[in-house]
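Take a look at the structure set out below.
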Amino acid sequence: QRPMGLKAVVVTVLLAAALSYYIYTPMPDAIQEPWKLMAVDATFRTGMNLVREDAFPGFDSTMVALVGSRSPAGVVPGVKISDITFAGVPVRVYEPPAGGEGHLRRGLMYLHGGGWAFGSGKMGAYDKVSRVISDELNTVVVSVEYRLFPEVLFPEPFLDCVVAAKHFLSPEVLDKYAIDPERVAVSGDSAGGNLAAAVAQEVATDDSLSVKFSVQALIYPVLQALDFNTPSYVQNRNMAILPRQVMVQFWLQYLGADISLRPQLIANNHSALQHSALTPELRSRLDWTSLLSQKFKKSYKPVVVERDSHGLLKKIPGLLDTRSSPLLAGPEVLAKCPRTYILTCEFDVLRDEGLMYARRLKDAGVSVTSDYYEDGFHGCLSFISWPLDFDVGKRALRSYMTWLQNNL
């Protein structure tokens, strides 16, 4: 009979092997500290499994373990933090130390990421970055707690953000917080970048508003859902943090569609040539073969389907709505958008839509800064604190803040 000690060793080895198998995900050579990113990704995948089981409280707990818990309101060194509402929408306001008499401050509305399904501006890196921006850039930061799936579907999160934005931009509120009306930004990352871009378009084209956003800063934004076979979607389809199947799931949830349609969207059946609503002009707005440089097109080929036997555009009308897909907006809308910063990462399925939006904004006459990271991955700005810190995240954060300092 084998001794109990040997059995324990065998069990330990088997468990370690199983854990390593679960955690291990192939990583590009350019990724620094790949095992750390694998561990982050394994935690995120665990959370996504909970989502599939409709265990959203469990997913929230997983994300707390990953990016940190919600911090309380109050006063931290140099920054006053208040949890209030803007026209009924919950927001967290970060106020820097009061300046001298007559000195106006910057204003920034921030929209957090999380696939329109999870997250909070009060959590982890979001809260930390808001505090730092408020303090270092003398900025009143308004982090919007828009409603999430499954409580609401599109367009409700967008509408929450529009309501908060219009309230923030009102002369009375800007005066209350001593904000310079010529120095107000909207910003966001991932799904929050999607909302920020859509809100920027909405505000820019609303002639009833006397104050508009002077800049928009988009961090690896989600901008379209008609082509899930761009070079970056194909190259990074199994990449950590945000593989293609997860991004497609987020889209289906947001637009109120059945998750079982995911294979159809991954195959691009929803953008089949038979759809008369997808005019040549509309298709040109996300045609990566003409909007991307050869560096990013590489040797990839477009995936174009002749027929869609499932009637996907009728089932999911939100796919063609510019409020969900800002990249589809016409040049007359883009021309009214403010000065723009767009951050993209090589190892991110969303890379190409950020690059295409930068190109289309430039073509429309907008001043655009495109900040691309060859060693970057989706979500890297959320990993800036030990032990889950990455150098690329710290570099990207500093570049983002420097751009705000110089352009806002």
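Please note that chains go A, B, ... in the order of the structure tokens, that every chain numbers its residues from 1, and that ligands are numbered from 1 in the order shown.
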TODO: Would you list the contacts of A:Lys212 as a ChimeraX atom specification, taking every protein, DNA or RNA residue within 10 Å and counting only C-alpha atoms, but skipping same-chain residues closer than 2 positions in sequence?
DONE: /A:165-166,169-170,181-186,200,203-207,209-210,214-215,337-338
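Shell of A:Arg244 at 9 Å, with only C-alpha atoms counted and residues fewer than 5 places along the chain excluded, is Phe228, Tyr233, Val234, Asn236, Arg237, Asn238, Met239, Gln249, Ile266 and Val349 of chain A.
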How would the residues just chosen look if you wrote them out with N, CA and C atoms as a short mmCIF file (atom, residue, chain, number, x, y, z; two decimals), in the first residue's frame?
```cif
data_model
loop_
_atom_site.label_atom_id
_atom_site.label_comp_id
_atom_site.auth_asym_id
_atom_site.auth_seq_id
_atom_site.Cartn_x
_atom_site.Cartn_y
_atom_site.Cartn_z
N PHE A 228 -16.68 41.06 -37.94
CA PHE A 228 -15.91 40.39 -36.90
C PHE A 228 -14.75 39.60 -37.51
N TYR A 233 -9.38 41.25 -35.52
CA TYR A 233 -10.30 40.25 -34.97
C TYR A 233 -9.81 38.84 -35.26
N VAL A 234 -9.27 38.62 -36.45
CA VAL A 234 -8.78 37.28 -36.80
C VAL A 234 -7.47 36.99 -36.08
N ASN A 236 -6.29 38.18 -33.32
CA ASN A 236 -6.41 38.11 -31.86
C ASN A 236 -7.66 37.37 -31.41
N ARG A 237 -8.17 36.49 -32.25
CA ARG A 237 -9.45 35.84 -31.95
C ARG A 237 -9.40 35.01 -30.67
N ASN A 238 -8.21 34.54 -30.28
CA ASN A 238 -8.08 33.77 -29.05
C ASN A 238 -7.21 34.48 -28.01
N MET A 239 -7.04 35.78 -28.16
CA MET A 239 -6.17 36.54 -27.27
C MET A 239 -6.77 36.66 -25.88
N GLN A 249 -20.33 38.06 -27.81
CA GLN A 249 -21.33 37.83 -26.76
C GLN A 249 -21.76 39.15 -26.13
N ILE A 266 -19.98 35.71 -36.03
CA ILE A 266 -18.55 35.45 -36.22
C ILE A 266 -18.26 35.13 -37.69
N VAL A 349 -8.61 42.66 -30.31
CA VAL A 349 -9.54 42.49 -31.44
C VAL A 349 -10.08 43.84 -31.93
#
```
Backbone-only DSSP, strand (DSSP E) members of stretch 108-178 of chain A, as an mmCIF file with N, CA, C and O atoms, in the first residue's frame:
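Writing the result to result-v1.cif gives the following:
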```
data_model
loop_
_atom_site.group_PDB
_atom_site.id
_atom_site.type_symbol
_atom_site.label_atom_id
_atom_site.label_comp_id
_atom_site.auth_asym_id
_atom_site.auth_seq_id
_atom_site.Cartn_x
_atom_site.Cartn_y
_atom_site.Cartn_z
ATOM 1 N N LEU A 108 -13.853 66.621 -17.085
ATOM 2 C CA LEU A 108 -13.764 65.382 -17.862
ATOM 3 C C LEU A 108 -14.850 64.419 -17.414
ATOM 4 O O LEU A 108 -14.961 64.113 -16.226
ATOM 5 N N MET A 109 -15.661 63.964 -18.366
ATOM 6 C CA MET A 109 -16.655 62.925 -18.085
ATOM 7 C C MET A 109 -16.076 61.594 -18.530
ATOM 8 O O MET A 109 -15.679 61.448 -19.695
ATOM 9 N N TYR A 110 -16.008 60.624 -17.612
ATOM 10 C CA TYR A 110 -15.413 59.325 -17.927
ATOM 11 C C TYR A 110 -16.459 58.218 -17.879
ATOM 12 O O TYR A 110 -17.275 58.152 -16.950
ATOM 13 N N LEU A 111 -16.399 57.322 -18.888
ATOM 14 C CA LEU A 111 -17.320 56.194 -18.998
ATOM 15 C C LEU A 111 -16.515 54.900 -18.969
ATOM 16 O O LEU A 111 -15.699 54.645 -19.860
ATOM 17 N N THR A 139 -8.489 68.822 -12.567
ATOM 18 C CA THR A 139 -9.660 68.487 -13.362
ATOM 19 C C THR A 139 -10.804 67.985 -12.483
ATOM 20 O O THR A 139 -10.583 67.166 -11.581
ATOM 21 N N VAL A 140 -12.009 68.465 -12.759
ATOM 22 C CA VAL A 140 -13.206 67.883 -12.148
ATOM 23 C C VAL A 140 -13.601 66.688 -13.004
ATOM 24 O O VAL A 140 -13.981 66.835 -14.170
ATOM 25 N N VAL A 141 -13.457 65.494 -12.458
ATOM 26 C CA VAL A 141 -13.766 64.255 -13.188
ATOM 27 C C VAL A 141 -15.140 63.766 -12.756
ATOM 28 O O VAL A 141 -15.426 63.649 -11.563
ATOM 29 N N VAL A 142 -15.982 63.473 -13.736
ATOM 30 C CA VAL A 142 -17.307 62.911 -13.472
ATOM 31 C C VAL A 142 -17.347 61.503 -14.060
ATOM 32 O O VAL A 142 -17.302 61.320 -15.280
ATOM 33 N N SER A 143 -17.372 60.504 -13.201
ATOM 34 C CA SER A 143 -17.427 59.111 -13.625
ATOM 35 C C SER A 143 -18.880 58.648 -13.563
ATOM 36 O O SER A 143 -19.507 58.697 -12.502
ATOM 37 N N VAL A 144 -19.412 58.226 -14.705
ATOM 38 C CA VAL A 144 -20.844 57.932 -14.821
ATOM 39 C C VAL A 144 -21.122 56.460 -14.541
ATOM 40 O O VAL A 144 -20.515 55.571 -15.137
#
```
- [ ] Check the DSSP output for the backbone and give back, as a PyMOL selection string, the residues of stretch 86-320 of chain A in alpha helix (DSSP H).
- [x] chain A and resi 124-136+156-168+171-176+191-204+231-235+244-254+262-266+280-284+288-291+294-297+312-315
TODO: Find the residues around A:Asn194 up to 7 Å (only C-alpha atoms counted), leave out those fewer than 2 positions away in its own chain, and share them as a PyMOL selection string.
DONE: chain A and resi 190-192+196-198+221-223
